[in-house]
Amino acid sequence: MTASTPLSGVLNVDKPLGLTSHDVVARVRRTLGIKRVGHAGTLDPLATGVLLVCVGPATRFSEFLMASSKTYIADVILGRTTTTDDAEGEVTAEADASHLTGGAISATLPAFIGEIEQIPPAYSAIKQDGRKLYELARQGRAVEAAPRRVRIDAIRLLSWSPPIARLEVTCGAGTYIRSLARDLGHSLGVGGSLASLRRTTSGNFRA
């Protein structure tokens, strides 16, 4: 590589807990000394795993990488509802989920497979009237996101240790696992929220 050849490529970063996707991009910029850096698919601070970071001319491919399917391992707390649909939010309701069985949970999962209507979390980066929903929610304003069409290719229960249901989910771009946790809990009559999340694959990239 000559001095005039621009640095270009895709980094498969195993994002640690607590960092935003923007934090990771900023660190890559500093480390490589290059400004043209972006990520292909946001991970929340509470999520870990595959975060694709595009460098230099490779940033033009980010939209194609974002469109690829992704697989997650999700721990869902059944019986707890929060304002953010995950562990970062304030608890709004609690219920006993100990009566649920693995069979009952598994029997509910097929209803979420395929193309479904999903309401994004109130605390999300989706824009409404030019403002991000989480900005409006933090101001105490009532936020009601419009349903979106998303695709879930596969979902299975890996384990059930009350109140935690561990799921493996393969889905298309734009799917909120927090919303899935919330909706699964609602379907089971106890409420639910996301406890932890790890992205294990993004397209052909693996953790």
# chains A, B, ... in the order shown; residues from 1 in each chain; ligands from 1
call {"tool": "select_by_dssp", "arguments": {"residues": "stretch 57-177 of chain A", "states": "helix (DSSP H, G or I)", "output": "JSON, numbers by chain"}}
result
{"A": [57, 58, 59, 60, 61, 62, 63, 64, 65, 66, 102, 103, 104, 105, 106, 107, 108, 109, 110, 111, 112, 133, 134, 135, 136, 137, 138, 177]}
call {"tool": "residues_around", "arguments": {"residues": "stretch 36-43 of chain A", "least_positions_apart": "4", "cutoff": "9 Å", "atoms": "only C-alpha atoms", "output": "MDAnalysis selection string"}}
result
chainID A and resid 15 19:22 24:26 28:29 47:59 61:67 173:174 199 202
call {"tool": "residues_around", "arguments": {"residues": "A:Val91", "least_positions_apart": "4", "cutoff": "8 Å", "atoms": "only C-alpha atoms", "output": "list in words"}}
result
Arg80, Thr81, Thr82 and Thr83 of chain A
call {"tool": "write_last_selection", "arguments": {"atoms": "N, CA and C atoms", "output": "tab-separated table (two decimals), in the first residue's frame"}}
result
chain	number	residue	atom	x	y	z
A	80	ARG	N	-41.65	-8.26	34.01
A	80	ARG	CA	-41.20	-6.91	34.30
A	80	ARG	C	-41.30	-6.03	33.06
A	81	THR	N	-42.01	-4.91	33.19
A	81	THR	CA	-42.17	-3.94	32.12
A	81	THR	C	-41.45	-2.66	32.50
A	82	THR	N	-40.77	-2.04	31.54
A	82	THR	CA	-40.05	-0.80	31.82
A	82	THR	C	-40.37	0.27	30.78
A	83	THR	N	-39.99	1.49	31.08
A	83	THR	CA	-40.27	2.61	30.18
A	83	THR	C	-39.51	2.51	28.87
call {"tool": "residues_around", "arguments": {"residues": "A:Leu109", "least_positions_apart": "4", "cutoff": "10 Å", "atoms": "only C-alpha atoms", "output": "JSON list (two decimals) with all heavy atoms, in the first residue's frame"}}
result
[["chain", "number", "residue", "atom", "x", "y", "z"],
["A", 104, "ALA", "N", -44.89, -23.44, 27.17],
["A", 104, "ALA", "CA", -45.84, -22.35, 26.94],
["A", 104, "ALA", "C", -45.16, -21.18, 26.22],
["A", 104, "ALA", "O", -45.74, -20.56, 25.34],
["A", 104, "ALA", "CB", -46.43, -21.89, 28.27],
["A", 105, "ILE", "N", -43.91, -20.90, 26.61],
["A", 105, "ILE", "CA", -43.18, -19.81, 25.97],
["A", 105, "ILE", "C", -42.89, -20.16, 24.51],
["A", 105, "ILE", "O", -43.11, -19.36, 23.60],
["A", 105, "ILE", "CB", -41.87, -19.52, 26.72],
["A", 105, "ILE", "CG1", -42.18, -19.04, 28.14],
["A", 105, "ILE", "CG2", -41.03, -18.48, 25.97],
["A", 105, "ILE", "CD1", -40.98, -18.95, 29.05],
["A", 113, "ILE", "N", -42.89, -14.94, 14.00],
["A", 113, "ILE", "CA", -42.05, -15.27, 12.85],
["A", 113, "ILE", "C", -42.71, -14.79, 11.56],
["A", 113, "ILE", "O", -43.92, -14.88, 11.39],
["A", 113, "ILE", "CB", -41.80, -16.79, 12.79],
["A", 113, "ILE", "CG1", -41.00, -17.24, 14.02],
["A", 113, "ILE", "CG2", -41.05, -17.17, 11.52],
["A", 113, "ILE", "CD1", -40.78, -18.74, 14.10],
["A", 154, "ALA", "N", -36.35, -16.40, 12.29],
["A", 154, "ALA", "CA", -36.36, -17.56, 13.19],
["A", 154, "ALA", "C", -36.24, -17.07, 14.63],
["A", 154, "ALA", "O", -35.61, -16.05, 14.91],
["A", 154, "ALA", "CB", -35.20, -18.50, 12.88],
["A", 155, "ILE", "N", -36.90, -17.78, 15.53],
["A", 155, "ILE", "CA", -36.81, -17.48, 16.94],
["A", 155, "ILE", "C", -37.02, -18.77, 17.72],
["A", 155, "ILE", "O", -37.94, -19.53, 17.43],
["A", 155, "ILE", "CB", -37.84, -16.39, 17.35],
["A", 155, "ILE", "CG1", -37.78, -16.11, 18.84],
["A", 155, "ILE", "CG2", -39.23, -16.76, 16.92],
["A", 155, "ILE", "CD1", -38.62, -14.90, 19.25],
["A", 156, "ARG", "N", -36.13, -19.02, 18.69],
["A", 156, "ARG", "CA", -36.28, -20.24, 19.49],
["A", 156, "ARG", "C", -35.85, -19.98, 20.92],
["A", 156, "ARG", "O", -35.00, -19.13, 21.19],
["A", 156, "ARG", "CB", -35.50, -21.41, 18.89],
["A", 156, "ARG", "CG", -33.99, -21.25, 18.90],
["A", 156, "ARG", "CD", -33.33, -22.38, 18.11],
["A", 156, "ARG", "NE", -31.87, -22.26, 18.08],
["A", 156, "ARG", "CZ", -31.05, -23.05, 18.75],
["A", 156, "ARG", "NH1", -31.55, -24.01, 19.51],
["A", 156, "ARG", "NH2", -29.74, -22.88, 18.66],
["A", 157, "LEU", "N", -36.46, -20.72, 21.81],
["A", 157, "LEU", "CA", -36.13, -20.63, 23.23],
["A", 157, "LEU", "C", -34.93, -21.51, 23.52],
["A", 157, "LEU", "O", -34.95, -22.72, 23.28],
["A", 157, "LEU", "CB", -37.33, -21.09, 24.06],
["A", 157, "LEU", "CG", -37.15, -21.08, 25.58],
["A", 157, "LEU", "CD1", -37.02, -19.65, 26.10],
["A", 157, "LEU", "CD2", -38.32, -21.80, 26.26],
["A", 167, "LEU", "N", -33.42, -16.31, 24.39],
["A", 167, "LEU", "CA", -33.89, -16.55, 23.03],
["A", 167, "LEU", "C", -32.76, -16.37, 22.03],
["A", 167, "LEU", "O", -31.85, -15.57, 22.24],
["A", 167, "LEU", "CB", -35.01, -15.58, 22.66],
["A", 167, "LEU", "CG", -36.22, -15.46, 23.58],
["A", 167, "LEU", "CD1", -37.14, -14.35, 23.07],
["A", 167, "LEU", "CD2", -36.96, -16.78, 23.68],
["A", 184, "LEU", "N", -43.57, -10.17, 23.59],
["A", 184, "LEU", "CA", -43.64, -11.55, 24.05],
["A", 184, "LEU", "C", -44.23, -11.59, 25.46],
["A", 184, "LEU", "O", -45.12, -12.41, 25.75],
["A", 184, "LEU", "CB", -42.25, -12.18, 24.05],
["A", 184, "LEU", "CG", -42.14, -13.57, 24.66],
["A", 184, "LEU", "CD1", -43.00, -14.57, 23.90],
["A", 184, "LEU", "CD2", -40.68, -14.04, 24.70],
["A", 187, "SER", "N", -47.92, -11.05, 25.29],
["A", 187, "SER", "CA", -48.64, -12.22, 24.78],
["A", 187, "SER", "C", -48.80, -13.28, 25.87],
["A", 187, "SER", "O", -49.80, -14.02, 25.89],
["A", 187, "SER", "CB", -47.89, -12.83, 23.59],
["A", 187, "SER", "OG", -47.91, -11.95, 22.49]]
call {"tool": "atom_distance", "arguments": {"atom1": "atom CA of A:Leu11", "atom2": "atom CA of A:Ser68"}}
result
15.8 Å
call {"tool": "closest_residue", "arguments": {"among": "A:His186, A:Lys35, A:Arg198, A:Arg149", "to": "A:Ala95", "atoms": "only C-alpha atoms"}}
result
A:His186
call {"tool": "closest_residue", "arguments": {"among": "A:Ile34, A:Asp86, A:Glu115, A:Leu17", "to": "A:Ala74", "atoms": "only C-alpha atoms"}}
result
A:Asp86
call {"tool": "closest_residue", "arguments": {"among": "A:Leu7, A:Ala165, A:Val190, A:Leu197", "to": "A:Glu94", "atoms": "only C-alpha atoms"}}
result
A:Val190
call {"tool": "select_by_dssp", "arguments": {"residues": "chain A", "states": "strand (DSSP E)", "output": "PyMOL selection string"}}
result
chain A and resi 9-15+37-39+47-55+70-78+80-82+91-94+114-118+127-128+131-132+148-161+164-171+192-202+205-206
call {"tool": "atom_distance", "arguments": {"atom1": "atom CA of A:Ala181", "atom2": "atom CA of A:Pro163"}}
result
12.5 Å
call {"tool": "residues_around", "arguments": {"residues": "A:Thr84", "least_positions_apart": "2", "cutoff": "10 Å", "atoms": "only C-alpha atoms", "output": "tab-separated table (two decimals) with N, CA and C atoms, in the first residue's frame"}}
result
chain	number	residue	atom	x	y	z
A	81	THR	N	-42.01	-4.91	33.19
A	81	THR	CA	-42.17	-3.94	32.12
A	81	THR	C	-41.45	-2.66	32.50
A	82	THR	N	-40.77	-2.04	31.54
A	82	THR	CA	-40.05	-0.80	31.82
A	82	THR	C	-40.37	0.27	30.78
A	86	ASP	N	-36.20	-2.12	28.23
A	86	ASP	CA	-34.99	-2.86	28.61
A	86	ASP	C	-34.60	-2.49	30.03
A	87	ALA	N	-33.44	-2.96	30.48
A	87	ALA	CA	-33.03	-2.80	31.87
A	87	ALA	C	-32.64	-1.38	32.23
A	88	GLU	N	-32.49	-0.50	31.24
A	88	GLU	CA	-32.11	0.88	31.52
A	88	GLU	C	-33.27	1.73	32.02
A	89	GLY	N	-34.48	1.30	31.74
A	89	GLY	CA	-35.65	2.12	32.06
A	89	GLY	C	-36.19	1.90	33.45
A	90	GLU	N	-37.14	2.75	33.83
A	90	GLU	CA	-37.82	2.62	35.11
A	90	GLU	C	-38.86	1.51	35.01
A	91	VAL	N	-38.96	0.72	36.05
A	91	VAL	CA	-39.94	-0.37	36.08
A	91	VAL	C	-41.33	0.23	36.22
A	92	THR	N	-42.23	-0.16	35.33
A	92	THR	CA	-43.60	0.35	35.35
A	92	THR	C	-44.61	-0.68	35.83
A	121	PRO	N	-39.68	0.98	20.35
A	121	PRO	CA	-39.69	1.51	21.72
A	121	PRO	C	-39.85	3.03	21.72
A	122	ALA	N	-40.47	3.55	22.79
A	122	ALA	CA	-40.61	5.00	22.92
A	122	ALA	C	-39.24	5.66	22.99
A	123	TYR	N	-38.30	4.98	23.62
A	123	TYR	CA	-36.93	5.49	23.70
A	123	TYR	C	-36.11	4.86	22.58
A	124	SER	N	-36.19	5.47	21.40
A	124	SER	CA	-35.45	4.99	20.24
A	124	SER	C	-35.03	6.18	19.40
A	134	TYR	N	-36.50	9.38	21.53
A	134	TYR	CA	-35.97	9.41	22.89
A	134	TYR	C	-35.82	10.83	23.42
A	137	ALA	N	-39.32	11.68	24.58
A	137	ALA	CA	-39.66	10.92	25.78
A	137	ALA	C	-38.96	11.49	27.01
A	178	ARG	N	-35.85	-5.22	21.75
A	178	ARG	CA	-36.54	-4.69	22.92
A	178	ARG	C	-38.05	-4.77	22.74
A	179	SER	N	-38.51	-4.43	21.54
A	179	SER	CA	-39.94	-4.51	21.27
A	179	SER	C	-40.42	-5.94	21.28
A	182	ARG	N	-40.86	-6.99	24.87
A	182	ARG	CA	-42.09	-6.38	25.40
A	182	ARG	C	-43.33	-7.11	24.91
A	193	SER	N	-39.42	-7.38	29.36
A	193	SER	CA	-38.43	-6.39	28.92
A	193	SER	C	-37.11	-7.09	28.69
A	194	LEU	N	-36.22	-6.42	27.99
A	194	LEU	CA	-34.93	-7.00	27.62
A	194	LEU	C	-33.92	-6.81	28.75
